[in-house]
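Structure first, then comments.
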Amino acid sequence: MYTLCMEAGACTLPVKTSWDPRIGGFRVPYYANHPVVYINWHQADEYCQWAGRRLPTEAEWEKAARGIDGSMYPWGNQESKGDLLNFADKNFAQEAYWADTGIDDGYPYTSAVGNYPKGASFYGAMDMAGNVIEWVADRYDRGYYSGSPSQNPQWPEKGSGHVLRGGAFGLESEATCCVARTRFFYWNINLGFRCVVSL
């Protein structure tokens, strides 16, 4: 889909197009159903606009992930395991002290979208934890939630960088819980996004 957006002239090439020389790069058929990576916030926003959608607000993202009971993970409160999400496990391609070598999620990097149906959220949203950490519309303001509305808070008017949610294939399981949030300014191998549509 991102390739189609580029062909339409509405999207630009990811910052890095060949991130694992052993198995290929951006336009390799193997990755056709994987999330696009090395995308900055502006590229994610441009794609969503091209697709007639938008980036979710941080509050929307969290609601879709945590469901009606405020679960710690999309699938509930049980700890991460290999059939629920893609995170730093024994397959992780880099040696990392935080990788859980007792877990096998099947992938060293990204996995196909929707590959973990047991990890779906209450609303059926897939990959809300792991695989790629996702851009949301909001700017990052560390103290915003201490004084924001309790119902559907809108993004702050100012902040540094933009918010990322959801953990990623190279992160430990604790970083994939639904309340984890961080910020980033540019791009990286494990940054992706999802779009939403207002009904």
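Following the order of the structure tokens, chains are lettered A, B, ..., residues in each are numbered from 1, and ligands are numbered from 1.
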
What lies within 10 Å of Leu13 in chain A using only C-alpha atoms, ignoring chain neighbours under 2 positions off, as JSON, numbers by chain?
{"A": [2, 3, 5, 6, 11, 15, 16, 17, 26, 38, 39, 43]}

Just write the chosen residues, N, CA and C atoms, as a PDB file, in the first residue's frame.
ATOM      1  N   TYR A   2       1.954   1.226   0.749  1.00  0.00           N
ATOM      2  CA  TYR A   2       2.821   2.402   0.765  1.00  0.00           C
ATOM      3  C   TYR A   2       3.465   2.606  -0.607  1.00  0.00           C
ATOM      4  N   THR A   3       3.792   1.513  -1.286  1.00  0.00           N
ATOM      5  CA  THR A   3       4.327   1.613  -2.638  1.00  0.00           C
ATOM      6  C   THR A   3       3.324   2.280  -3.567  1.00  0.00           C
ATOM      7  N   CYS A   5       1.101   4.454  -2.753  1.00  0.00           N
ATOM      8  CA  CYS A   5       1.093   5.872  -2.402  1.00  0.00           C
ATOM      9  C   CYS A   5       2.280   6.581  -3.047  1.00  0.00           C
ATOM     10  N   MET A   6       3.436   5.939  -3.061  1.00  0.00           N
ATOM     11  CA  MET A   6       4.605   6.531  -3.712  1.00  0.00           C
ATOM     12  C   MET A   6       4.382   6.654  -5.217  1.00  0.00           C
ATOM     13  N   CYS A  11       3.477  10.009  -1.526  1.00  0.00           N
ATOM     14  CA  CYS A  11       4.368   9.563  -0.461  1.00  0.00           C
ATOM     15  C   CYS A  11       5.804   9.548  -0.958  1.00  0.00           C
ATOM     16  N   VAL A  15      13.239   6.419   4.561  1.00  0.00           N
ATOM     17  CA  VAL A  15      14.590   6.931   4.730  1.00  0.00           C
ATOM     18  C   VAL A  15      15.637   5.884   4.365  1.00  0.00           C
ATOM     19  N   LYS A  16      15.392   4.667   4.737  1.00  0.00           N
ATOM     20  CA  LYS A  16      16.315   3.576   4.415  1.00  0.00           C
ATOM     21  C   LYS A  16      15.487   2.469   3.793  1.00  0.00           C
ATOM     22  N   THR A  17      15.885   1.983   2.645  1.00  0.00           N
ATOM     23  CA  THR A  17      15.028   1.043   1.925  1.00  0.00           C
ATOM     24  C   THR A  17      15.496  -0.399   1.964  1.00  0.00           C
ATOM     25  N   PHE A  26      12.854  -2.906   0.886  1.00  0.00           N
ATOM     26  CA  PHE A  26      11.517  -2.323   0.893  1.00  0.00           C
ATOM     27  C   PHE A  26      10.545  -2.940  -0.109  1.00  0.00           C
ATOM     28  N   TYR A  38      11.077   2.607   8.795  1.00  0.00           N
ATOM     29  CA  TYR A  38      11.908   3.764   8.438  1.00  0.00           C
ATOM     30  C   TYR A  38      11.053   4.902   7.900  1.00  0.00           C
ATOM     31  N   ILE A  39       9.929   5.111   8.544  1.00  0.00           N
ATOM     32  CA  ILE A  39       9.002   6.168   8.164  1.00  0.00           C
ATOM     33  C   ILE A  39       8.988   7.209   9.278  1.00  0.00           C
ATOM     34  N   GLN A  43       5.780  11.413   7.022  1.00  0.00           N
ATOM     35  CA  GLN A  43       5.465  10.424   5.995  1.00  0.00           C
ATOM     36  C   GLN A  43       4.235   9.600   6.383  1.00  0.00           C
TER      37      GLN A  43
END

Determine, counting only C-alpha atoms, which protein, DNA and RNA residues have an atom within 7 Å of an atom of Phe92 in chain A; residues of the same chain fewer than 2 positions away are not included. Present the result as number ranges by chain.
A: 88-90, 94, 108-109, 170

May I have the residues within 10 Å of Ile133 in chain A as a list in words, using only C-alpha atoms and disregarding those fewer than 3 positions away in the same chain?
Val37, Asp127, Met128, Ala129, Gly130, Val136, Val163, Leu164, Arg165, Gly166, Gly167, Ala168, Phe169, Gly170, Leu171, Ala175, Thr176, Arg181, Thr182, Asn188, Ile189, Asn190, Leu191, Gly192, Phe193 and Arg194 of chain A

Within 9 Å of Glu174 in chain A using only C-alpha atoms, minus same-chain residues under 4 positions, as a ChimeraX atom specification
/A:79-80,167,180

Serialized selection, C-alpha atoms, as a short mmCIF file (atom, residue, chain, number, x, y, z; two decimals), in the first residue's frame:
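The result, written out as out.cif:
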data_model
loop_
_atom_site.label_atom_id
_atom_site.label_comp_id
_atom_site.auth_asym_id
_atom_site.auth_seq_id
_atom_site.Cartn_x
_atom_site.Cartn_y
_atom_site.Cartn_z
CA GLU A 79 2.31 -11.74 30.20
CA SER A 80 3.65 -11.79 26.66
CA GLY A 167 6.32 -1.57 21.47
CA ALA A 180 4.03 2.47 27.53
#

Taking 6 positions as the minimum chain separation for residues in the same chain, which residues sit within 12 Å of Ala120 in chain A when counting only C-alpha atoms? Answer as number ranges by chain.
A: 64-67, 73-76, 83-85, 113-114, 126-130

Residues of the last selection are to be written out with N, CA and C atoms, as a PDB file, in the first residue's frame.
ATOM      1  N   ALA A  64      -8.315   1.664  21.710  1.00  0.00           N
ATOM      2  CA  ALA A  64      -8.365   0.504  20.814  1.00  0.00           C
ATOM      3  C   ALA A  64      -7.511  -0.636  21.349  1.00  0.00           C
ATOM      4  N   ALA A  65      -6.403  -0.301  22.012  1.00  0.00           N
ATOM      5  CA  ALA A  65      -5.502  -1.320  22.538  1.00  0.00           C
ATOM      6  C   ALA A  65      -5.999  -1.920  23.852  1.00  0.00           C
ATOM      7  N   ARG A  66      -6.508  -1.084  24.748  1.00  0.00           N
ATOM      8  CA  ARG A  66      -6.832  -1.548  26.104  1.00  0.00           C
ATOM      9  C   ARG A  66      -8.268  -2.028  26.270  1.00  0.00           C
ATOM     10  N   GLY A  67      -9.145  -1.703  25.338  1.00  0.00           N
ATOM     11  CA  GLY A  67     -10.518  -2.185  25.419  1.00  0.00           C
ATOM     12  C   GLY A  67     -11.341  -1.502  26.491  1.00  0.00           C
ATOM     13  N   TYR A  73      -2.360  -5.298  28.369  1.00  0.00           N
ATOM     14  CA  TYR A  73      -1.993  -5.709  27.024  1.00  0.00           C
ATOM     15  C   TYR A  73      -3.266  -5.820  26.191  1.00  0.00           C
ATOM     16  N   PRO A  74      -3.175  -5.799  24.883  1.00  0.00           N
ATOM     17  CA  PRO A  74      -4.390  -5.908  24.078  1.00  0.00           C
ATOM     18  C   PRO A  74      -5.204  -7.168  24.351  1.00  0.00           C
ATOM     19  N   TRP A  75      -4.530  -8.278  24.650  1.00  0.00           N
ATOM     20  CA  TRP A  75      -5.211  -9.546  24.875  1.00  0.00           C
ATOM     21  C   TRP A  75      -5.667  -9.742  26.315  1.00  0.00           C
ATOM     22  N   GLY A  76      -5.338  -8.841  27.214  1.00  0.00           N
ATOM     23  CA  GLY A  76      -5.716  -8.965  28.624  1.00  0.00           C
ATOM     24  C   GLY A  76      -4.550  -8.598  29.514  1.00  0.00           C
ATOM     25  N   ASP A  83       2.879 -16.580  20.849  1.00  0.00           N
ATOM     26  CA  ASP A  83       1.732 -16.620  19.937  1.00  0.00           C
ATOM     27  C   ASP A  83       0.838 -15.387  20.079  1.00  0.00           C
ATOM     28  N   LEU A  84       1.301 -14.372  20.818  1.00  0.00           N
ATOM     29  CA  LEU A  84       0.509 -13.159  21.040  1.00  0.00           C
ATOM     30  C   LEU A  84       1.058 -11.933  20.322  1.00  0.00           C
ATOM     31  N   LEU A  85       2.374 -11.887  20.112  1.00  0.00           N
ATOM     32  CA  LEU A  85       2.986 -10.699  19.515  1.00  0.00           C
ATOM     33  C   LEU A  85       4.406 -10.994  19.066  1.00  0.00           C
ATOM     34  N   VAL A 113       1.406  -8.441   8.846  1.00  0.00           N
ATOM     35  CA  VAL A 113       0.332  -7.781   9.584  1.00  0.00           C
ATOM     36  C   VAL A 113      -0.740  -8.808   9.949  1.00  0.00           C
ATOM     37  N   GLY A 114      -1.230  -8.766  11.179  1.00  0.00           N
ATOM     38  CA  GLY A 114      -2.300  -9.663  11.608  1.00  0.00           C
ATOM     39  C   GLY A 114      -1.870 -11.095  11.819  1.00  0.00           C
ATOM     40  N   MET A 126      -5.515  -5.598  15.531  1.00  0.00           N
ATOM     41  CA  MET A 126      -4.367  -6.496  15.497  1.00  0.00           C
ATOM     42  C   MET A 126      -3.071  -5.722  15.690  1.00  0.00           C
ATOM     43  N   ASP A 127      -2.061  -6.399  16.231  1.00  0.00           N
ATOM     44  CA  ASP A 127      -0.700  -5.864  16.346  1.00  0.00           C
ATOM     45  C   ASP A 127      -0.617  -4.557  17.126  1.00  0.00           C
ATOM     46  N   MET A 128      -1.450  -4.402  18.127  1.00  0.00           N
ATOM     47  CA  MET A 128      -1.379  -3.200  18.961  1.00  0.00           C
ATOM     48  C   MET A 128      -0.199  -3.276  19.926  1.00  0.00           C
ATOM     49  N   ALA A 129       0.390  -4.439  20.058  1.00  0.00           N
ATOM     50  CA  ALA A 129       1.613  -4.621  20.857  1.00  0.00           C
ATOM     51  C   ALA A 129       2.619  -5.340  19.981  1.00  0.00           C
ATOM     52  N   GLY A 130       3.857  -4.890  19.993  1.00  0.00           N
ATOM     53  CA  GLY A 130       4.892  -5.549  19.220  1.00  0.00           C
ATOM     54  C   GLY A 130       4.849  -5.221  17.738  1.00  0.00           C
TER      55      GLY A 130
END

Backbone DSSP call of alpha helix (DSSP H) for range 19-191 of chain A, listed as a count of residues only:
19

Rank A:Val179, A:Glu58, A:Phe122, A:Thr12 by their smallest atom-to-atom distance to Asp141 in chain A, using only C-alpha atoms, and report the top residue only.
A:Glu58

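In this comparison, which uses only C-alpha atoms, the residue of A:Ser173, A:Tyr47, A:Val197, A:Ser121 approaching Ala99 in chain A most closely is A:Ser173.
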
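CA of Val36 in chain A sits 18.1 Å away from CA of His162 in chain A.
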
For Pro35 in chain A, which of A:Thr110, A:Ala125, A:Trp135, A:Ser160 is the closest residue, counting only C-alpha atoms?
A:Thr110

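Shortest atom-to-atom contact with Ser111 in chain A among A:Ala59, A:Ala96, A:Met72, A:Val132: A:Val132, counting only C-alpha atoms.
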
Could you write out, as a ChimeraX atom specification, all the residues of range 10-148 of chain A that DSSP marks as strand (DSSP E)?
/A:133-139

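From CA of Pro29 in chain A back to CA of Tyr107 in chain A, the distance works out to 16.4 Å.
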
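For the pair CA of Cys195 in chain A and CA of Ala32 in chain A, the interatomic distance is 17.5 Å.
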
Under the rule that only C-alpha atoms are counted, which of A:Gly106, A:Val28, A:Glu134, A:Gly161 is the nearest residue to Trp61 in chain A?
A:Glu134

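You can rank A:Pro14, A:Gly70, A:Asp105, A:Gln78 by their closest distance to Asn91 in chain A using only C-alpha atoms, and at the top of that list sits A:Asp105.
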